[in-house]
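*Asks:* Pasting entry-v2.txt here (compact mmCIF, C-alpha atoms):
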```
# COMPACT_ATOMS: atom_id res chain seq x y z
CA MET P 20 58.17 48.77 80.79
CA GLU P 21 58.53 52.35 81.91
CA LYS P 22 55.09 52.06 83.55
CA ASN P 23 56.51 50.14 86.52
CA ASN P 24 58.22 53.30 87.78
CA LYS P 25 54.82 54.67 88.74
CA GLU P 26 53.90 54.39 92.39
CA VAL P 27 50.64 55.20 94.13
CA VAL P 28 50.78 55.36 97.95
CA VAL P 29 47.77 54.52 100.16
CA TRP P 30 47.68 55.34 103.88
CA HIS P 31 45.56 53.04 106.03
CA GLU P 32 44.99 52.49 109.75
CA PHE P 33 45.81 49.27 111.59
CA ASP P 34 43.98 48.67 114.83
CA GLY P 35 45.77 45.71 116.44
CA PRO P 36 45.36 41.94 116.07
CA GLY P 37 41.56 42.07 115.73
CA ASP P 38 41.90 44.22 112.61
CA THR P 39 41.91 41.61 109.86
CA SER P 40 40.97 44.10 107.11
CA ILE P 41 44.58 44.93 106.37
CA GLU P 42 45.06 41.48 104.78
CA VAL P 43 42.38 42.28 102.19
CA LEU P 44 43.70 45.77 101.47
CA GLU P 45 47.21 44.40 100.91
CA GLY P 46 45.80 41.66 98.66
CA ILE P 47 43.88 44.18 96.54
CA CYS P 48 46.94 46.44 96.20
CA LYS P 49 49.01 43.46 95.09
CA LEU P 50 46.41 42.36 92.52
CA TYR P 51 46.21 45.84 91.03
CA THR P 52 50.00 46.12 90.85
CA GLU P 53 50.27 42.78 89.03
CA ARG P 54 47.45 43.50 86.58
CA PHE P 55 47.99 47.16 85.75
CA GLY P 56 51.74 47.57 86.15
CA VAL P 57 51.34 50.46 88.60
CA GLN P 58 52.89 49.92 92.03
CA ILE P 59 50.24 50.45 94.75
CA THR P 60 51.98 50.72 98.12
CA PRO P 61 49.94 50.58 101.35
CA GLN P 62 51.50 52.36 104.34
CA VAL P 63 49.96 51.34 107.63
CA MET P 64 49.77 53.26 110.92
CA ASN P 65 47.45 53.54 113.92
CA ILE P 66 44.47 55.87 113.76
CA THR P 67 46.05 58.55 115.98
CA GLU P 68 49.10 58.82 113.75
CA LEU P 69 46.95 58.74 110.61
CA THR P 70 44.81 61.61 111.93
CA ALA P 71 47.89 63.66 112.87
CA ARG P 72 49.62 63.08 109.53
CA LEU P 73 46.55 63.98 107.48
CA ASN P 74 46.16 67.20 109.45
CA GLN P 75 49.82 68.17 108.87
CA ILE P 76 49.64 68.04 105.06
CA LYS P 77 48.76 71.73 104.73
CA ASP P 78 52.08 72.55 106.44
CA THR P 79 54.29 69.76 105.09
CA GLN P 80 52.83 69.52 101.54
CA GLN P 81 53.69 65.83 101.93
CA GLY P 82 50.91 63.30 101.60
CA PRO P 83 49.84 60.03 100.01
CA HIS P 84 47.85 59.74 96.79
CA LEU P 85 44.99 58.09 98.69
CA ALA P 86 44.06 57.30 102.27
CA MET P 87 41.46 54.78 103.37
CA VAL P 88 39.71 56.34 106.35
CA PRO P 89 36.48 56.40 108.37
CA ALA P 90 34.02 58.78 106.66
CA ASP P 91 34.16 61.46 109.34
CA MET P 92 37.77 62.13 108.37
CA SER P 93 36.34 63.74 105.24
CA SER P 94 36.06 66.77 107.50
CA TYR P 95 39.86 67.34 107.58
CA VAL P 96 39.51 68.72 104.07
CA GLU P 97 41.26 72.05 104.85
CA ASN P 98 44.31 70.63 106.62
CA GLY P 99 44.57 67.56 104.40
CA LEU P 100 44.22 69.55 101.16
CA TYR P 101 41.76 66.97 99.82
CA SER P 102 40.86 66.89 96.16
CA GLU P 103 37.19 67.16 95.27
CA VAL P 104 35.88 64.04 93.55
CA PRO P 105 34.10 64.93 90.31
CA GLY P 106 30.34 64.56 90.80
CA GLY P 107 28.67 61.54 89.26
CA LEU P 108 31.94 59.69 88.68
CA PHE P 109 30.88 56.68 90.78
CA GLY P 110 27.11 57.15 90.68
CA ASP P 111 26.76 53.95 88.65
CA THR P 112 28.12 51.72 91.45
CA LEU P 113 27.15 53.54 94.65
CA THR P 114 23.80 54.85 95.88
CA GLU P 115 23.31 58.49 96.81
CA GLY P 116 22.94 57.36 100.44
CA ALA P 117 26.37 55.72 100.41
CA LEU P 118 27.99 58.66 98.58
CA SER P 119 26.49 61.19 101.00
CA THR P 120 28.46 59.69 103.93
CA MET P 121 31.62 61.28 102.48
CA GLN P 122 30.22 64.65 101.44
CA MET P 123 30.84 67.93 103.20
CA ASN P 124 28.34 70.67 102.49
CA GLY P 125 27.21 68.69 99.45
CA VAL P 126 30.73 68.33 97.99
CA GLN P 127 32.14 64.81 97.46
CA TYR P 128 35.53 64.45 99.17
CA GLY P 129 35.69 60.69 99.41
CA ILE P 130 34.40 57.46 97.89
CA PRO P 131 32.96 54.82 100.28
CA VAL P 132 34.45 51.34 99.95
CA LEU P 133 32.86 49.73 103.02
CA ARG P 134 29.84 50.74 105.05
CA GLY P 135 28.52 49.94 108.49
CA ASN P 136 30.86 51.00 111.28
CA HIS P 137 27.89 50.68 113.63
CA LEU P 138 27.92 49.29 117.16
CA VAL P 139 26.02 46.13 118.09
CA VAL P 140 25.78 43.83 121.11
CA TYR P 141 27.80 40.63 120.89
CA TYR P 142 26.76 38.17 123.58
CA ASN P 143 27.67 34.69 124.73
CA PRO P 144 24.58 32.46 124.53
CA SER P 145 25.95 30.12 127.18
CA ILE P 146 25.79 33.10 129.59
CA TYR P 147 22.60 34.71 128.21
CA PRO P 148 20.29 32.03 126.75
CA SER P 149 18.20 34.72 125.02
CA ALA P 150 19.18 38.08 123.56
CA PRO P 151 19.89 40.67 126.31
CA THR P 152 18.10 43.61 124.67
CA THR P 153 17.39 45.66 127.83
CA TRP P 154 19.61 46.91 130.66
CA ASP P 155 17.30 45.13 133.14
CA VAL P 156 18.69 41.81 131.91
CA PHE P 157 22.26 42.84 132.82
CA GLU P 158 21.20 44.19 136.20
CA GLU P 159 19.20 41.10 137.08
CA ALA P 160 22.11 38.83 136.09
CA ALA P 161 24.77 40.86 137.91
CA GLU P 162 24.72 39.02 141.24
CA ARG P 163 24.61 35.54 139.69
CA LEU P 164 27.38 36.37 137.21
CA SER P 165 29.74 38.20 139.55
CA ALA P 166 29.64 35.12 141.83
CA GLN P 167 31.18 33.28 138.84
CA GLY P 168 33.69 36.05 138.17
CA ILE P 169 31.82 37.27 135.08
CA VAL P 170 30.98 40.92 134.31
CA PRO P 171 27.52 41.31 132.73
CA ILE P 172 28.51 43.75 129.93
CA GLY P 173 31.59 45.61 128.68
CA ALA P 174 32.34 48.50 126.31
CA ASP P 175 35.19 50.90 125.56
CA LEU P 176 34.03 53.96 127.45
CA GLN P 177 37.16 56.01 126.87
CA GLN P 178 35.97 56.45 123.27
CA GLY P 179 33.29 58.95 122.32
CA TYR P 180 31.91 56.68 119.61
CA TRP P 181 30.98 54.02 122.19
CA PHE P 182 29.23 56.64 124.30
CA ILE P 183 26.71 57.59 121.57
CA PRO P 184 24.30 54.66 122.29
CA PHE P 185 23.98 55.87 125.90
CA LEU P 186 23.47 59.47 124.83
CA THR P 187 20.78 58.54 122.28
CA ALA P 188 18.89 56.40 124.81
CA PHE P 189 18.44 59.58 126.89
CA GLY P 190 17.30 61.50 123.80
CA GLY P 191 20.61 63.29 123.15
CA TRP P 192 22.60 63.84 119.94
CA PRO P 193 25.95 65.67 119.68
CA VAL P 194 24.76 68.08 116.97
CA GLN P 195 21.73 70.35 116.83
CA ASN P 196 20.85 72.86 114.10
CA GLY P 197 24.30 72.44 112.56
CA LYS P 198 26.12 73.28 115.83
CA PRO P 199 27.82 71.22 118.56
CA ASN P 200 25.36 70.15 121.24
CA ILE P 201 27.23 68.57 124.12
CA VAL P 202 26.55 70.53 127.30
CA THR P 203 23.04 69.16 127.82
CA SER P 204 20.94 67.45 130.48
CA GLU P 205 20.81 64.31 128.28
CA MET P 206 24.61 64.24 128.31
CA LYS P 207 24.64 64.49 132.12
CA GLN P 208 22.05 61.71 132.47
CA ALA P 209 23.97 59.39 130.15
CA LEU P 210 27.27 59.98 132.00
CA GLN P 211 25.55 59.43 135.35
CA PHE P 212 24.00 56.19 134.07
CA ILE P 213 27.39 54.84 132.94
CA ARG P 214 28.97 55.81 136.23
CA ASP P 215 26.23 54.09 138.26
CA LYS P 216 26.45 50.90 136.21
CA MET P 217 30.24 50.81 136.59
CA ASP P 218 29.94 51.34 140.36
CA GLN P 219 27.37 48.54 140.56
CA GLY P 220 29.71 46.16 138.72
CA VAL P 221 27.19 45.75 135.87
CA LEU P 222 29.38 47.47 133.28
CA VAL P 223 33.15 47.41 132.72
CA SER P 224 35.17 49.68 130.44
CA LEU P 225 38.15 48.14 128.64
CA ASP P 226 40.25 48.93 125.58
CA GLY P 227 38.06 48.15 122.57
CA SER P 228 40.82 46.65 120.42
CA THR P 229 42.52 44.47 123.09
CA GLY P 230 41.24 43.80 126.65
CA LEU P 231 37.54 44.01 125.85
CA LEU P 232 37.82 41.36 123.12
CA GLU P 233 40.20 39.10 125.05
CA GLN P 234 38.00 38.96 128.14
CA PHE P 235 34.84 38.42 126.11
CA ILE P 236 36.48 35.57 124.15
CA ASP P 237 37.67 34.08 127.48
CA GLY P 238 34.10 34.10 128.85
CA LYS P 239 34.87 36.68 131.56
CA ILE P 240 32.34 39.17 130.15
CA GLY P 241 28.82 38.07 129.17
CA ALA P 242 28.20 40.65 126.45
CA ILE P 243 30.03 43.55 124.83
CA ILE P 244 29.07 46.62 122.86
CA CYS P 245 31.46 46.71 119.93
CA GLY P 246 31.66 47.51 116.24
CA GLU P 247 30.53 45.41 113.30
CA TRP P 248 34.15 45.68 112.11
CA ILE P 249 35.31 43.19 114.78
CA TYR P 250 32.82 40.45 113.85
CA ASN P 251 35.29 38.44 111.76
CA HIS P 252 37.78 38.25 114.66
CA LEU P 253 35.12 37.19 117.20
CA ASP P 254 33.52 34.71 114.80
CA LYS P 255 36.90 33.02 114.24
CA HIS P 256 37.58 32.69 117.98
CA MET P 257 34.13 31.89 119.34
CA ASN P 258 32.02 30.08 116.73
CA ASN P 259 28.82 28.94 118.49
CA ARG P 260 29.62 30.91 121.66
CA LEU P 261 28.82 34.10 119.74
CA ALA P 262 25.45 35.71 119.06
CA VAL P 263 24.44 39.24 118.03
CA CYS P 264 21.53 41.48 119.02
CA GLN P 265 20.52 45.13 118.99
CA LEU P 266 21.84 47.64 121.52
CA PRO P 267 20.05 47.41 124.88
CA SER P 268 17.21 49.79 125.66
CA ILE P 269 17.40 51.89 128.83
CA GLU P 270 14.12 52.25 130.74
CA GLY P 271 12.15 51.49 127.58
CA ARG P 272 14.13 53.87 125.34
CA GLN P 273 16.06 52.39 122.43
CA SER P 274 19.81 53.06 122.12
CA LEU P 275 21.00 54.02 118.65
CA SER P 276 24.47 53.73 117.22
CA MET P 277 25.96 56.02 114.63
CA SER P 278 26.93 54.45 111.33
CA SER P 279 29.19 55.65 108.57
CA SER P 280 31.42 54.29 105.88
CA ILE P 281 35.11 53.75 105.29
CA GLY P 282 36.40 55.03 102.03
CA LEU P 283 39.11 56.63 99.95
CA ILE P 284 40.06 60.30 100.19
CA TYR P 285 42.57 62.12 97.97
CA PRO P 286 44.96 64.20 100.11
CA ASN P 287 47.45 66.85 98.99
CA HIS P 288 45.33 67.60 95.89
CA SER P 289 46.35 64.23 94.46
CA LEU P 290 43.62 64.30 91.79
CA THR P 291 45.40 67.25 90.16
CA SER P 292 48.69 65.29 90.00
CA GLU P 293 49.90 63.29 87.01
CA GLU P 294 48.82 60.10 88.83
CA ARG P 295 45.18 61.19 88.59
CA GLU P 296 44.07 58.50 86.11
CA ASP P 297 45.85 55.73 88.03
CA ILE P 298 44.29 56.92 91.31
CA LEU P 299 40.76 56.94 89.85
CA SER P 300 41.35 53.60 88.12
CA PHE P 301 42.43 52.06 91.46
CA THR P 302 39.34 53.55 93.13
CA ARG P 303 37.11 51.95 90.50
CA PHE P 304 38.95 48.64 91.02
CA MET P 305 38.19 48.85 94.78
CA LEU P 306 34.48 49.12 93.91
CA SER P 307 34.52 46.21 91.45
CA ASP P 308 32.49 43.10 92.19
CA GLU P 309 35.70 41.15 92.65
CA CYS P 310 37.26 43.43 95.26
CA GLN P 311 34.02 44.20 97.10
CA SER P 312 33.46 40.44 97.38
CA MET P 313 37.00 40.00 98.78
CA TRP P 314 36.04 42.22 101.74
CA THR P 315 32.86 40.24 102.40
CA LEU P 316 34.33 36.75 101.95
CA GLY P 317 37.79 37.42 103.37
CA VAL P 318 37.01 39.45 106.49
CA GLN P 319 33.20 39.65 106.65
CA ARG P 320 32.99 43.41 106.20
CA ILE P 321 30.00 45.23 104.66
CA PRO P 322 30.54 46.33 101.05
CA ALA P 323 29.53 49.79 99.84
CA GLN P 324 28.51 48.52 96.40
CA GLU P 325 24.78 47.81 96.37
CA GLU P 326 24.70 44.62 94.28
CA VAL P 327 27.38 42.89 96.33
CA LEU P 328 25.63 44.02 99.52
CA ASN P 329 22.30 42.54 98.39
CA ARG P 330 23.99 39.24 97.52
CA LEU P 331 25.65 39.18 100.92
CA ALA P 332 22.39 39.90 102.74
CA ALA P 333 20.69 37.02 100.92
CA SER P 334 23.36 34.42 101.74
CA ALA P 335 24.72 35.53 105.13
CA ALA P 336 24.79 33.43 108.31
CA PRO P 337 22.28 34.47 111.04
CA ASN P 338 24.78 36.59 113.04
CA LYS P 339 25.85 38.48 109.94
CA LYS P 340 22.23 38.94 108.83
CA MET P 341 21.50 40.48 112.22
CA ILE P 342 24.48 42.86 111.89
CA LEU P 343 23.27 43.94 108.44
CA SER P 344 19.70 44.48 109.62
CA LEU P 345 20.90 46.62 112.56
CA LEU P 346 22.48 49.02 110.08
CA ASP P 347 18.93 50.18 109.30
CA HIS P 348 18.46 51.15 112.96
CA SER P 349 21.44 53.48 113.14
CA ARG P 350 21.85 57.20 112.47
CA PRO P 351 24.41 58.54 109.97
CA MET P 352 27.42 60.09 111.64
CA PRO P 353 27.56 63.90 111.23
CA THR P 354 30.50 65.05 109.06
CA TYR P 355 30.71 68.75 110.00
CA PRO P 356 34.25 70.18 110.25
CA PHE P 357 33.64 70.94 113.95
CA MET P 358 33.05 67.23 114.75
CA ILE P 359 36.76 66.75 115.47
CA HIS P 360 36.28 69.08 118.47
CA VAL P 361 33.09 67.30 119.54
CA TRP P 362 34.94 63.96 119.63
CA GLU P 363 37.86 65.52 121.51
CA ALA P 364 35.47 66.99 124.08
CA LEU P 365 33.63 63.68 124.51
CA ASN P 366 36.87 61.70 124.86
CA ALA P 367 38.24 64.19 127.40
CA GLY P 368 35.02 63.98 129.44
CA LEU P 369 34.98 60.17 129.38
CA ILE P 370 38.58 59.90 130.56
CA GLU P 371 37.53 61.83 133.70
CA LEU P 372 34.69 59.37 134.33
CA PRO P 373 36.38 56.69 136.48
```
Just give me the structure as structure tokens.

*Replies:*
Amino acid sequence: MEKNNKEVVVWHEFDGPGDTSIEVLEGICKLYTERFGVQITPQVMNITELTARLNQIKDTQQGPHLAMVPADMSSYVENGLYSEVPGGLFGDTLTEGALSTMQMNGVQYGIPVLRGNHLVVYYNPSIYPSAPTTWDVFEEAAERLSAQGIVPIGADLQQGYWFIPFLTAFGGWPVQNGKPNIVTSEMKQALQFIRDKMDQGVLVSLDGSTGLLEQFIDGKIGAIICGEWIYNHLDKHMNNRLAVCQLPSIEGRQSLSMSSSIGLIYPNHSLTSEEREDILSFTRFMLSDECQSMWTLGVQRIPAQEEVLNRLAASAAPNKKMILSLLDHSRPMPTYPFMIHVWEALNAGLIELP
């Protein structure tokens, strides 16, 4: 029974009570441990700590065997000492499109497990009888709603990711010709627009993992811009008071969200360690029909594996179908190494906003 001495450690983020994904990850780790006799240990931390710890590996030489992270964290390859994933290893279960979300300069540094990560509008149909797909709807409703103590729309505008739909509606994008592109007139217009809407009481900014969700569930906000990842939590709490639509257009111009994937990376050169075969075997297990279905059935996430995704799309409830269809109207998140600085710059600028 010597095999039981083996341990494979997985780092994962936990984003507060709305983050129900951790239950599935822990379940999958437990299943693998029972079936294969290799102890898979998830270690959970918030995203800030996860980012810091991955970026310290070059100095500490201490890291997990795997980490499950948003795809843009593939870009910490230098500091995290990531192993390259051998090309073609998972080409039988994942499409090139899915795999490309975790490539840097054409090199595979991660394997997508879930996809999506895009922003949508969740709205309360008892407040908006039809889908509020333009900003005019929120502005026209503002007086009526504020008389009832309701804010028309909310988002987390301290986070750069939530700002992207505003930037894209003004024709901006944070990267151009492979370089950061943030000091632009589109950026100014988008910031000005947010500021005006906040001043007019049309838009409120609240913490995306706590206050924003609580107030929306309580009926104090009519609609919110938030990620597909929170759908399970809202669905559980709201049932028929929840509907989904595309991001609102601004003066006739469509907002676009970024999208990406969440997947496994291999820090501290773990694929050159003696655990290599166990690590790859666990990765393959994560992409199996069984585990991919656990994510969709357990917490309503979007699987990376094509067959499971197609099955889900065919059988999903209307809200989930809408979320899946909106994935086709998003733009893949850039994964350049400099993106960490772009996000820092955006976050710093947004904190100044109020």

*Asks:* State, in Å with one decimal place, the distance from atom CA of P:Glu97 to atom CA of P:His137.

*Replies:*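 Straight-line distance from atom CA of P:Glu97 to atom CA of P:His137 works out to 26.7 Å.
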
*Asks:* Interatomic distance between atom CA of P:Leu176 and atom CA of P:Ser40?

*Replies:*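 Straight-line distance from atom CA of P:Leu176 to atom CA of P:Ser40 works out to 23.6 Å.
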
*Asks:* Determine, counting only C-alpha atoms, every residue of protein, DNA or RNA that lies within 12 Å of (49.3, 46.6, 95.5) in the file coordinates, then give the result as a PyMOL selection string.

*Replies:* chain P and resi 25-29+41-62+301+304-305

*Asks:* Could you state the separation of atom CA of P:Asn98 and atom CA of P:Gly179 in Å, given to one decimal place?

*Replies:*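 Taking atom CA of P:Asn98 and atom CA of P:Gly179, their separation equals 22.5 Å.
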
*Asks:* So, with all atoms listed in the file as the atoms that count, which of P:Gly282, P:Gly99, P:Gly271, P:Pro353 lies closest to P:Trp154?

*Replies:*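 Closest residue, counting all atoms listed in the file: P:Gly271.
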
*Asks:* In terms of the shortest atom-to-atom distance over all atoms listed in the file, which of P:Ala166, P:Leu343, P:Leu328, P:Leu113 is closest to P:Arg303?

*Replies:* P:Leu113

*Asks:* Using all atoms listed in the file, can you list as an MDAnalysis selection string the residues within 10 Å of (27.6, 32.3, 125.6)?

*Replies:* chainID P and resid 141:149 235:236 238 240:242 257 259:262

*Asks:* Using all atoms listed in the file, can you tell me which of P:Met358, P:Val263, P:Ala161, P:Val202 comes closest to P:Met217?

*Replies:*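 Closest residue, counting all atoms listed in the file: P:Ala161.
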
*Asks:* May I have the residues within 9 Å of P:Ala332 as a ChimeraX atom specification, using all atoms listed in the file and disregarding those fewer than 5 positions away in the same chain?

*Replies:* /P:327,339-340,343-344

*Asks:* Counting only C-alpha atoms, which of P:Glu371, P:Glu363, P:Glu247, P:Glu159 gets nearest to P:Gln319?

*Replies:*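 Smallest distance to P:Gln319 is found for P:Glu247.
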